[in-house]
$ cat structure29.txt   # compact mmCIF, C-alpha atoms
# COMPACT_ATOMS: atom_id res chain seq x y z
CA MET A 1 152.00 139.50 20.36
CA ARG A 2 152.40 142.75 18.45
CA GLY A 3 154.05 140.96 15.51
CA LEU A 4 151.19 138.48 15.31
CA PHE A 5 148.73 141.35 15.25
CA TRP A 6 150.50 143.00 12.29
CA ILE A 7 150.60 139.73 10.34
CA LEU A 8 146.86 139.25 10.83
CA ALA A 9 146.26 142.87 9.81
CA LEU A 10 148.27 142.41 6.59
CA PHE A 11 146.38 139.25 5.70
CA ALA A 12 143.08 141.03 6.33
CA ALA A 13 144.12 143.92 4.11
CA ALA A 14 145.16 141.52 1.32
CA VAL A 15 141.82 139.73 1.50
CA GLY A 16 140.00 143.08 1.45
CA LEU A 17 141.93 144.27 -1.60
CA ALA A 18 141.27 140.98 -3.44
CA LEU A 19 137.56 141.20 -2.80
CA ALA A 20 137.50 144.86 -3.86
CA ALA A 21 139.35 144.02 -7.07
CA ARG A 22 136.80 141.33 -7.99
CA VAL A 23 133.87 143.71 -7.87
CA ASN A 24 135.79 146.43 -9.73
CA ASP A 25 135.22 145.95 -13.50
CA GLY A 26 136.50 149.39 -14.52
CA TYR A 27 139.24 150.01 -17.05
CA VAL A 28 141.36 152.89 -18.26
CA LEU A 29 141.81 153.83 -21.95
CA VAL A 30 145.02 155.62 -22.82
CA VAL A 31 145.11 157.17 -26.34
CA PHE A 32 148.42 158.35 -27.75
CA PRO A 33 147.99 158.47 -31.53
CA PRO A 34 148.50 156.31 -33.30
CA TRP A 35 148.50 154.00 -30.22
CA ARG A 36 145.66 153.03 -27.94
CA LEU A 37 146.17 151.26 -24.62
CA GLU A 38 143.40 149.76 -22.59
CA VAL A 39 144.32 148.72 -19.01
CA SER A 40 142.16 147.48 -16.17
CA LEU A 41 141.74 149.92 -13.35
CA ASN A 42 143.11 147.49 -10.79
CA LEU A 43 146.31 146.99 -12.74
CA LEU A 44 146.74 150.75 -13.18
CA ILE A 45 146.39 151.33 -9.43
CA ILE A 46 148.96 148.63 -8.68
CA GLY A 47 151.29 150.09 -11.30
CA LEU A 48 151.01 153.61 -9.92
CA ILE A 49 151.72 152.38 -6.40
CA ALA A 50 154.74 150.42 -7.62
CA ALA A 51 156.00 153.40 -9.63
CA PHE A 52 155.65 155.68 -6.60
CA ALA A 53 157.56 153.21 -4.44
CA VAL A 54 160.38 152.93 -7.00
CA LEU A 55 160.58 156.68 -7.49
CA HIS A 56 160.61 157.25 -3.72
CA GLY A 57 163.38 154.70 -3.30
CA LEU A 58 165.47 156.33 -6.04
CA LEU A 59 165.03 159.76 -4.52
CA ARG A 60 166.02 158.43 -1.08
CA LEU A 61 169.09 156.80 -2.56
CA VAL A 62 170.12 160.03 -4.26
CA SER A 63 169.53 161.98 -1.06
CA LEU A 64 171.58 159.53 1.00
CA THR A 65 174.38 159.62 -1.53
CA LEU A 66 174.50 163.42 -1.62
CA GLY A 67 174.34 163.65 2.22
CA LEU A 68 177.07 161.07 2.79
CA PRO A 69 179.95 163.61 3.23
CA ALA A 70 177.95 165.57 5.81
CA ARG A 71 177.11 162.42 7.74
CA VAL A 72 180.72 161.29 7.67
CA SER A 73 181.80 164.69 8.99
CA GLU A 74 179.13 164.53 11.71
CA PHE A 75 180.23 161.04 12.67
CA ARG A 76 183.85 162.14 12.93
CA GLU A 77 182.87 165.16 15.01
CA ARG A 78 180.78 163.02 17.33
CA ARG A 79 183.60 160.50 17.64
CA SER A 80 186.10 163.29 18.38
CA LYS A 81 183.75 164.71 21.01
CA ASP A 82 183.36 161.31 22.64
CA LYS A 83 187.14 160.89 22.74
CA ALA A 84 187.56 164.36 24.25
CA ALA A 85 184.91 163.61 26.89
CA ALA A 86 186.70 160.36 27.72
CA ALA A 87 189.98 162.29 27.97
CA LEU A 88 188.46 164.74 30.47
CA GLN A 89 187.03 161.88 32.52
CA ASP A 90 190.43 160.21 32.53
CA ALA A 91 192.04 163.50 33.58
CA LEU A 92 189.73 163.74 36.58
CA ARG A 93 190.26 160.08 37.49
CA HIS A 94 194.05 160.39 37.25
CA PHE A 95 193.96 163.54 39.38
CA PHE A 96 192.07 161.85 42.21
CA GLU A 97 194.42 158.89 41.91
CA GLY A 98 197.34 161.25 42.44
CA ARG A 99 198.77 160.71 38.93
CA TYR A 100 199.08 164.41 38.18
CA GLY A 101 201.28 164.10 35.10
CA GLN A 102 198.79 161.83 33.36
CA SER A 103 195.95 164.06 34.51
CA MET A 104 197.50 167.15 32.95
CA LYS A 105 198.25 165.27 29.71
CA ARG A 106 194.67 164.03 29.32
CA ALA A 107 193.23 167.44 30.22
CA GLU A 108 195.42 168.99 27.54
CA GLU A 109 193.98 166.52 24.99
CA SER A 110 190.45 167.51 26.00
CA PHE A 111 191.35 171.20 25.77
CA SER A 112 192.92 170.79 22.33
CA ALA A 113 189.80 169.01 21.11
CA GLY A 114 187.70 171.98 22.21
CA TYR A 115 185.61 169.97 24.67
CA VAL A 116 184.59 172.28 27.57
CA PRO A 117 187.98 173.99 27.25
CA GLY A 118 187.56 176.14 30.36
CA LEU A 119 186.97 173.17 32.63
CA SER A 120 189.77 171.19 30.96
CA ALA A 121 192.14 174.12 31.57
CA LEU A 122 191.18 174.28 35.26
CA VAL A 123 191.85 170.57 35.71
CA ALA A 124 195.21 170.95 33.99
CA ALA A 125 196.06 173.98 36.16
CA ARG A 126 195.29 172.05 39.34
CA ALA A 127 197.40 169.12 38.18
CA ALA A 128 200.27 171.47 37.27
CA HIS A 129 200.03 173.03 40.73
CA ALA A 130 200.32 169.60 42.33
CA LEU A 131 203.46 169.02 40.24
CA ARG A 132 204.83 172.45 41.29
CA GLU A 133 205.10 173.52 37.65
CA ASN A 134 204.30 177.17 38.22
CA ALA A 135 204.74 178.31 34.63
CA LYS A 136 202.27 175.75 33.29
CA GLU A 137 199.88 176.49 36.14
CA GLY A 138 199.83 180.17 35.22
CA GLN A 139 199.36 179.45 31.53
CA TRP A 140 196.46 177.10 32.13
CA LEU A 141 194.76 179.62 34.40
CA LYS A 142 195.16 182.21 31.65
CA ASP A 143 193.63 179.78 29.13
CA ALA A 144 190.64 179.30 31.45
CA GLU A 145 189.87 183.04 31.50
CA GLY A 146 188.00 182.79 28.20
CA ASP A 147 185.01 181.02 29.76
CA ASN A 148 183.00 183.54 31.81
CA ASN A 149 180.75 180.77 33.13
CA LEU A 150 183.75 179.38 34.99
CA LYS A 151 184.96 182.66 36.46
CA VAL A 152 183.86 181.82 39.99
CA ALA A 153 185.39 178.34 39.77
CA ARG A 154 188.64 179.79 38.40
CA LEU A 155 188.91 182.37 41.18
CA MET A 156 188.16 179.79 43.88
CA LEU A 157 190.79 177.46 42.44
CA THR A 158 193.28 180.33 42.19
CA ALA A 159 192.70 181.28 45.83
CA GLU A 160 193.08 177.67 46.96
CA MET A 161 196.32 177.20 45.04
CA ARG A 162 197.75 180.51 46.27
CA LEU A 163 196.98 179.44 49.83
CA ASP A 164 198.71 176.13 49.26
CA SER A 165 201.77 178.04 48.03
CA ARG A 166 201.55 180.37 51.07
CA ASP A 167 200.92 183.34 48.81
CA PHE A 168 198.33 184.82 51.17
CA SER A 169 198.14 188.20 49.44
CA GLY A 170 197.54 186.53 46.08
CA ALA A 171 194.79 184.40 47.62
CA LEU A 172 193.10 187.47 49.07
CA ASP A 173 193.27 189.27 45.72
CA ALA A 174 191.49 186.35 44.05
CA LEU A 175 188.88 186.27 46.82
CA ARG A 176 188.23 190.01 46.47
CA GLN A 177 187.56 189.53 42.74
CA LEU A 178 185.30 186.63 43.63
CA GLN A 179 183.36 188.76 46.08
CA GLU A 180 182.81 191.40 43.40
CA THR A 181 181.54 188.72 41.01
CA ALA A 182 179.48 186.38 43.15
CA GLY A 183 179.29 187.94 46.61
CA ARG A 184 180.28 186.13 49.77
CA HIS A 185 179.71 182.43 50.27
CA ILE A 186 180.81 179.97 52.90
CA ALA A 187 183.63 178.24 51.02
CA ALA A 188 185.20 181.58 50.05
CA MET A 189 184.98 182.80 53.65
CA ARG A 190 186.78 179.68 54.86
CA LEU A 191 189.59 180.32 52.37
CA GLU A 192 189.75 183.97 53.41
CA LEU A 193 190.00 182.92 57.06
CA LYS A 194 193.02 180.73 56.26
CA ALA A 195 194.61 183.56 54.27
CA GLN A 196 194.13 186.06 57.10
CA GLN A 197 195.59 183.55 59.56
CA GLY A 198 198.61 183.24 57.30
CA ARG A 199 198.98 187.03 57.14
CA LYS A 200 198.49 187.21 60.93
CA ASP A 201 195.74 189.78 60.56
CA TRP A 202 194.01 188.74 63.77
CA GLU A 203 191.31 191.39 63.61
CA GLN A 204 190.10 189.95 60.32
CA VAL A 205 190.51 186.41 61.63
CA LEU A 206 188.25 187.29 64.55
CA ARG A 207 185.65 188.84 62.25
CA LEU A 208 185.57 185.89 59.86
CA ALA A 209 185.52 183.28 62.61
CA ARG A 210 182.54 184.98 64.23
CA GLN A 211 180.68 185.13 60.91
CA LEU A 212 181.33 181.46 60.17
CA GLN A 213 180.31 180.51 63.70
CA LYS A 214 177.10 182.50 63.34
CA ARG A 215 176.26 180.66 60.11
CA ASP A 216 177.02 177.24 61.68
CA ALA A 217 179.70 176.82 59.01
CA MET A 218 182.36 175.76 61.48
CA ALA A 219 182.51 173.24 64.30
CA PRO A 220 181.97 175.02 67.65
CA GLU A 221 185.23 173.65 69.07
CA GLN A 222 187.20 174.84 66.04
CA ALA A 223 185.60 178.28 66.18
CA ARG A 224 186.41 178.63 69.87
CA GLU A 225 190.05 177.73 69.31
CA ILE A 226 190.44 180.19 66.42
CA ILE A 227 188.72 182.99 68.34
CA LEU A 228 190.86 182.27 71.41
CA LYS A 229 194.07 182.44 69.38
CA ALA A 230 192.94 185.66 67.70
CA HIS A 231 192.24 187.26 71.07
CA ARG A 232 195.58 186.11 72.44
CA GLU A 233 197.49 187.51 69.48
CA ASN A 234 195.60 190.81 69.63
CA ILE A 235 196.41 191.06 73.33
CA ARG A 236 200.11 190.37 72.72
CA GLN A 237 200.21 193.04 70.01
CA ARG A 238 198.84 195.60 72.51
CA GLN A 239 200.87 194.41 75.47
CA GLU A 240 203.15 197.45 75.46
CA ASP A 241 200.31 199.95 75.11
CA ALA A 242 198.23 200.07 78.30
CA PRO A 243 195.32 202.24 77.02
CA SER A 244 195.01 200.17 73.84
CA LEU A 245 195.15 196.92 75.78
CA LEU A 246 192.53 197.96 78.32
CA ALA A 247 190.27 199.25 75.53
CA TYR A 248 190.59 195.94 73.70
CA LEU A 249 189.84 193.90 76.83
CA ARG A 250 186.58 195.78 77.21
CA THR A 251 185.52 194.71 73.70
CA ILE A 252 185.79 190.96 74.38
CA PRO A 253 182.27 189.50 74.73
CA SER A 254 181.67 187.43 77.84
CA ARG A 255 180.62 184.45 75.70
CA GLU A 256 184.14 184.34 74.25
CA GLY A 257 185.84 184.32 77.63
CA SER A 258 187.62 181.21 78.92
CA PRO A 259 190.19 180.31 81.59
CA ARG A 260 192.92 180.09 78.94
CA LEU A 261 192.09 183.55 77.65
CA ALA A 262 191.94 184.83 81.23
CA ALA A 263 195.50 183.57 81.78
CA THR A 264 196.69 185.53 78.73
CA VAL A 265 194.85 188.64 79.93
CA ALA A 266 196.35 188.33 83.41
CA ARG A 267 199.90 187.97 82.10
CA ALA A 268 199.38 190.99 79.83
CA LEU A 269 198.17 193.05 82.80
CA LEU A 270 201.13 191.91 84.86
CA SER A 271 203.48 193.07 82.10
CA LEU A 272 201.94 196.53 82.61
CA ASP A 273 202.42 196.20 86.39
CA ALA A 274 198.63 196.16 86.84
CA LYS A 275 198.78 193.54 89.60
CA ALA A 276 195.43 194.35 91.19
CA GLU A 277 193.60 194.04 87.87
CA ALA A 278 195.44 190.81 87.04
CA LEU A 279 194.53 189.27 90.40
CA LYS A 280 190.93 190.30 89.95
CA VAL A 281 190.79 188.53 86.58
CA VAL A 282 192.44 185.40 88.02
CA GLU A 283 190.23 185.21 91.09
CA SER A 284 186.96 185.84 89.27
CA THR A 285 187.81 183.21 86.66
CA LEU A 286 188.94 180.54 89.12
CA GLU A 287 185.79 181.04 91.18
CA LYS A 288 183.73 180.10 88.11
CA CYS A 289 185.89 177.15 86.99
CA ASP A 290 184.60 173.61 87.30
CA GLU A 291 186.55 170.36 87.08
CA ASP A 292 186.59 170.40 83.29
CA ASP A 293 188.04 173.86 82.72
CA TRP A 294 190.20 174.33 85.84
CA ASN A 295 193.31 176.09 84.59
CA SER A 296 196.74 175.49 86.08
CA ASP A 297 198.19 178.60 84.41
CA LEU A 298 195.79 180.79 86.36
CA VAL A 299 196.77 179.05 89.61
CA GLU A 300 200.45 179.60 88.82
CA ILE A 301 199.83 183.30 88.14
CA TYR A 302 197.92 183.58 91.39
CA GLY A 303 200.89 182.34 93.37
CA GLN A 304 203.46 184.38 91.45
CA VAL A 305 201.56 187.67 91.77
CA ALA A 306 201.28 187.19 95.49
CA VAL A 307 205.04 186.91 95.79
CA ALA A 308 205.40 190.56 94.84
CA ASP A 309 202.54 191.69 97.08
CA ALA A 310 203.60 193.23 100.40
CA ASP A 311 200.12 193.67 101.93
CA GLY A 312 199.88 191.07 104.72
CA GLY A 313 196.13 191.36 105.22
CA GLU A 314 195.47 190.90 101.56
CA LEU A 315 197.81 187.92 101.44
CA THR A 316 195.93 186.29 104.30
CA ALA A 317 192.66 186.70 102.41
CA ARG A 318 194.19 185.18 99.30
CA ILE A 319 195.54 182.23 101.25
CA ALA A 320 192.08 181.63 102.70
CA ARG A 321 190.53 181.79 99.23
CA ALA A 322 193.09 179.34 97.82
CA GLU A 323 192.52 176.97 100.73
CA GLY A 324 188.83 177.05 99.87
CA TRP A 325 189.68 175.90 96.35
CA LEU A 326 191.95 173.23 97.82
CA LYS A 327 189.03 171.62 99.65
CA GLN A 328 187.50 170.86 96.27
CA ARG A 329 190.83 169.80 94.69
CA PRO A 330 193.00 168.37 97.49
CA ARG A 331 195.46 166.72 95.08
CA ASP A 332 196.11 169.65 92.76
CA ALA A 333 199.90 170.01 92.69
CA GLY A 334 199.79 173.47 91.14
CA LEU A 335 197.36 174.79 93.74
CA LEU A 336 199.48 173.34 96.56
CA LEU A 337 202.56 175.06 95.05
CA ALA A 338 200.67 178.37 94.83
CA LEU A 339 199.65 178.07 98.51
CA GLY A 340 203.26 177.34 99.43
CA ARG A 341 204.37 180.51 97.68
CA LEU A 342 201.68 182.57 99.34
CA CYS A 343 202.68 181.23 102.75
CA LEU A 344 206.33 181.99 102.01
CA GLN A 345 205.41 185.59 101.26
CA GLN A 346 203.42 185.75 104.49
CA LYS A 347 206.38 184.12 106.34
CA LEU A 348 204.31 181.17 107.47
CA TRP A 349 207.30 178.84 107.23
CA GLY A 350 205.68 175.71 108.61
CA LYS A 351 202.58 175.92 106.41
CA ALA A 352 204.72 176.81 103.41
CA GLN A 353 206.89 173.71 103.93
CA ASN A 354 203.84 171.48 104.32
CA TYR A 355 202.21 172.78 101.14
CA LEU A 356 205.39 172.51 99.09
CA GLU A 357 206.10 168.98 100.28
CA ALA A 358 202.48 168.04 99.57
CA SER A 359 202.83 169.43 96.06
CA LEU A 360 205.95 167.32 95.48
CA SER A 361 204.22 164.21 96.83
CA VAL A 362 201.45 164.65 94.24
CA GLU A 363 203.70 165.59 91.32
CA GLU A 364 207.35 166.54 91.21
CA SER A 365 208.10 169.91 89.65
CA ARG A 366 211.17 172.09 89.28
CA ASP A 367 209.45 175.14 90.84
CA ALA A 368 208.32 173.24 93.94
CA HIS A 369 211.83 171.85 94.54
CA LEU A 370 213.41 175.31 94.17
CA GLU A 371 210.87 177.04 96.41
CA LEU A 372 211.37 174.39 99.07
CA ALA A 373 215.15 174.68 98.74
CA ARG A 374 214.97 178.47 99.29
CA LEU A 375 212.77 177.95 102.32
CA LEU A 376 215.19 175.39 103.82
CA ASP A 377 218.03 177.83 103.21
CA GLN A 378 216.18 180.43 105.28
CA LEU A 379 215.58 177.81 107.98
CA GLU A 380 219.36 177.10 107.99
CA ARG A 381 219.03 173.52 106.84
CA PRO A 382 221.63 173.55 104.02
CA GLY A 383 221.88 169.80 103.53
CA GLU A 384 218.18 169.41 102.77
CA ALA A 385 218.23 172.60 100.72
CA ASP A 386 221.11 171.28 98.56
CA ARG A 387 219.21 168.05 97.97
CA HIS A 388 216.19 169.96 96.65
CA TYR A 389 218.40 172.24 94.55
CA ARG A 390 219.86 169.12 92.90
CA GLN A 391 216.41 167.62 92.42
CA GLY A 392 215.16 170.87 90.87
CA SER A 393 217.98 170.88 88.32
CA ARG A 394 217.04 167.49 86.89
CA PRO A 395 216.51 167.79 83.09
CA ASP A 396 213.31 165.75 83.17
CA LEU A 397 211.64 168.39 85.36
CA TYR A 398 212.21 171.30 82.98
CA ARG A 399 209.06 170.43 81.04
CA ASN A 400 207.10 171.10 84.21

$ encode --input "structure29.txt" --output "structure tokens"
Amino acid sequence: MRGLFWILALFAAAVGLALAARVNDGYVLVVFPPWRLEVSLNLLIIGLIAAFAVLHGLLRLVSLTLGLPARVSEFRERRSKDKAAAALQDALRHFFEGRYGQSMKRAEESFSAGYVPGLSALVAARAAHALRENAKEGQWLKDAEGDNNLKVARLMLTAEMRLDSRDFSGALDALRQLQETAGRHIAAMRLELKAQQGRKDWEQVLRLARQLQKRDAMAPEQAREIILKAHRENIRQRQEDAPSLLAYLRTIPSREGSPRLAATVARALLSLDAKAEALKVVESTLEKCDEDDWNSDLVEIYGQVAVADADGGELTARIARAEGWLKQRPRDAGLLLALGRLCLQQKLWGKAQNYLEASLSVEESRDAHLELARLLDQLERPGEADRHYRQGSRPDLYRN
């Protein structure tokens, strides 16, 4: 439709010019002695227009001819840039395909062509790291230092690669430089957490895990496991120093408590011969446990601590408390074993035998067999005792 419009417009213009020429009787007299030239005005106008068109065409031709070298150079530069961009794209594709040698080769081509050299160097460094070519990795990282816009990316990549190589101090150095440049952000904090875990700096692990948990930057289950491990390791480090251990235990927030952590705390207190405090921790935790977080380690500690306790009245109270738990969990082998041990300590031989045999009927364990064998020895029933000693020495029971 547009083409038809232009054709009609051209025809209309031609008709208009023809009509205008018919009513124009003017002429132009050109005198150049001894010559005289008389030309109609219409012809002169057409001649001037034609001359202008020819002159314009000649000037354009000259301009194009003179500008040809520059355009050729521009074309070559554009072509080189396109090839370098394709090389960088290929480098990234090869890297994600796991073809690290090809990735580094194509990134080197992009770098040599001067196309985003900093980014090309980082891709090459990451590929060299995957190939375990440490010398090339270091050189590429050095080449990437020239681009200040990529400083944060370079430091993040350096920290990640140092972590992968288990160079935790090197990773932390890179992260400190990053913090000075761009402040703290979530990805850097995650890397720092891994580095501190590798260095076994559990105080810092605890701090970082809490910060990430507060920012919802970590799954709740993962945060709980990391915080639990950090607390356990901090407790073990203070296990030989009673004042330090007790001071640390007071700093643990109640929201971070759990039956598994309580078991670690109780064992640490027992190592300091703080039996009363250990029992208090065990009892208070087991009273709060439901079916989902009932902890067999706490039950085992409860029975073992009672073995060394010589207070008969207190033992009776503990037996009554454990029997209360048993009503809710009648087929808990560990709880039945703990009750058997408590009854042994209280010299309730009949009840002890019943509980130990009940524990074995639910689940065989080495400890239950040995406790029952010792009891049968005291009751002067050596044949039965020998049978349980043999059962308790079975290799398949050592995992229990």

$ atom_distance --input "structure29.txt" --atom1 "CA of Ala262 (chain A)" --atom2 "CA of Leu298 (chain A)"
7.6 Å

$ residues_around --input "structure29.txt" --residues "Arg387 (chain A)" --least-positions-apart "2" --cutoff "12 Å" --atoms "only C-alpha atoms" --output "list in words"
His369, Leu370, Leu372, Ala373, Arg374, Leu376, Asp377, Arg381, Pro382, Gly383, Glu384, Ala385, Tyr389, Arg390, Gln391, Gly392, Ser393 and Arg394 of chain A

$ atom_distance --input "structure29.txt" --atom1 "CA of Leu360 (chain A)" --atom2 "CA of Ala278 (chain A)"
27.1 Å

$ residues_around --input "structure29.txt" --residues "Leu122 (chain A)" --least-positions-apart "5" --cutoff "10 Å" --atoms "only C-alpha atoms" --output "list in words"
Met104, Ala107, Phe111, Pro117, Ala127, Ala128, Glu137, Trp140, Leu141, Lys142, Asp143, Ala144, Glu145, Leu150, Ala153, Arg154, Leu157 and Thr158 of chain A

$ axis_aligned_box --input "structure29.txt" --around "region 265-284 of chain A" --padding-each-side "8 Å" --output "lines of an AutoDock Vina configuration file"
center_x = 195.2
center_y = 190.9
center_z = 85.5
size_x = 32.5
size_y = 27.3
size_z = 27.4

$ closest_residue --input "structure29.txt" --among "A:Glu240, A:Glu277, A:Asp367, A:Asp290" --to "Ser258 (chain A)" --atoms "all atoms listed in the file"
A:Asp290

$ atom_distance --input "structure29.txt" --atom1 "CA of Ser365 (chain A)" --atom2 "CA of Gln304 (chain A)"
15.3 Å

$ closest_residue --input "structure29.txt" --among "A:Cys289, A:Val152, A:Ala209, A:Val299" --to "Gly183 (chain A)" --atoms "all atoms listed in the file"
A:Val152

$ residues_around --input "structure29.txt" --residues "Ala113 (chain A)" --least-positions-apart "2" --cutoff "12 Å" --atoms "all atoms listed in the file" --output "ChimeraX atom specification"
/A:77-88,106-111,115-118,120-121

$ residues_near_point --input "structure29.txt" --point "(184.7, 171.4, 94.9)" --cutoff "12 Å" --atoms "all atoms listed in the file" --output "list in words"
Leu286, Glu287, Lys288, Cys289, Asp290, Glu291, Asp292, Trp294, Ala322, Glu323, Gly324, Trp325, Leu326, Lys327, Gln328, Arg329, Pro330, Arg331 and Asp332 of chain A

$ closest_residue --input "structure29.txt" --among "A:Leu178, A:Leu315, A:Ile46, A:Ala242" --to "Gln346 (chain A)" --atoms "only C-alpha atoms"
A:Leu315

$ closest_residue --input "structure29.txt" --among "A:Phe96, A:Trp35, A:Tyr355, A:Trp6" --to "Leu337 (chain A)" --atoms "all atoms listed in the file"
A:Tyr355

$ residues_near_point --input "structure29.txt" --point "(195.5, 180.7, 96.0)" --cutoff "7 Å" --atoms "only C-alpha atoms" --output "list in words"
Val299, Tyr302, Gly303, Arg318, Ile319, Arg321, Ala322, Glu323, Leu335, Ala338 and Leu339 of chain A

$ residues_around --input "structure29.txt" --residues "Leu348 (chain A)" --least-positions-apart "3" --cutoff "12 Å" --atoms "only C-alpha atoms" --output "list in words"
Gly312, Leu315, Thr316, Ile319, Leu339, Gly340, Arg341, Leu342, Cys343, Leu344, Gln345, Lys351, Ala352, Gln353, Asn354, Tyr355, Leu375 and Leu379 of chain A

$ build_atoms --input "structure29.txt" --residues "region 356-371 of chain A" --atoms "N, CA and C atoms" --output "mmCIF file, in the coordinates of the input"
data_model
loop_
_atom_site.group_PDB
_atom_site.id
_atom_site.type_symbol
_atom_site.label_atom_id
_atom_site.label_comp_id
_atom_site.auth_asym_id
_atom_site.auth_seq_id
_atom_site.Cartn_x
_atom_site.Cartn_y
_atom_site.Cartn_z
ATOM 1 N N LEU A 356 204.435 172.840 100.133
ATOM 2 C CA LEU A 356 205.390 172.510 99.090
ATOM 3 C C LEU A 356 205.705 171.021 99.057
ATOM 4 N N GLU A 357 205.854 170.421 100.237
ATOM 5 C CA GLU A 357 206.100 168.980 100.280
ATOM 6 C C GLU A 357 204.892 168.199 99.776
ATOM 7 N N ALA A 358 203.690 168.692 100.081
ATOM 8 C CA ALA A 358 202.480 168.040 99.570
ATOM 9 C C ALA A 358 202.412 168.134 98.055
ATOM 10 N N SER A 359 202.818 169.273 97.511
ATOM 11 C CA SER A 359 202.830 169.430 96.060
ATOM 12 C C SER A 359 203.785 168.434 95.416
ATOM 13 N N LEU A 360 204.980 168.269 96.018
ATOM 14 C CA LEU A 360 205.950 167.320 95.480
ATOM 15 C C LEU A 360 205.470 165.885 95.613
ATOM 16 N N SER A 361 204.719 165.578 96.665
ATOM 17 C CA SER A 361 204.220 164.210 96.830
ATOM 18 C C SER A 361 203.172 163.864 95.772
ATOM 19 N N VAL A 362 202.441 164.886 95.296
ATOM 20 C CA VAL A 362 201.450 164.650 94.240
ATOM 21 C C VAL A 362 202.130 164.578 92.884
ATOM 22 N N GLU A 363 203.011 165.537 92.616
ATOM 23 C CA GLU A 363 203.700 165.590 91.320
ATOM 24 C C GLU A 363 204.969 166.414 91.474
ATOM 25 N N GLU A 364 206.093 165.808 91.108
ATOM 26 C CA GLU A 364 207.350 166.540 91.210
ATOM 27 C C GLU A 364 207.398 167.650 90.162
ATOM 28 N N SER A 365 207.919 168.810 90.594
ATOM 29 C CA SER A 365 208.100 169.910 89.650
ATOM 30 C C SER A 365 209.340 170.685 90.037
ATOM 31 N N ARG A 366 209.959 171.306 89.054
ATOM 32 C CA ARG A 366 211.170 172.090 89.280
ATOM 33 C C ARG A 366 210.893 173.246 90.234
ATOM 34 N N ASP A 367 209.761 173.969 90.011
ATOM 35 C CA ASP A 367 209.450 175.140 90.840
ATOM 36 C C ASP A 367 209.246 174.761 92.297
ATOM 37 N N ALA A 368 208.561 173.642 92.549
ATOM 38 C CA ALA A 368 208.320 173.240 93.940
ATOM 39 C C ALA A 368 209.625 172.886 94.636
ATOM 40 N N HIS A 369 210.532 172.180 93.949
ATOM 41 C CA HIS A 369 211.830 171.850 94.540
ATOM 42 C C HIS A 369 212.617 173.122 94.868
ATOM 43 N N LEU A 370 212.633 174.092 93.943
ATOM 44 C CA LEU A 370 213.410 175.310 94.170
ATOM 45 C C LEU A 370 212.817 176.168 95.280
ATOM 46 N N GLU A 371 211.498 176.272 95.332
ATOM 47 C CA GLU A 371 210.870 177.040 96.410
ATOM 48 C C GLU A 371 211.157 176.406 97.765
#
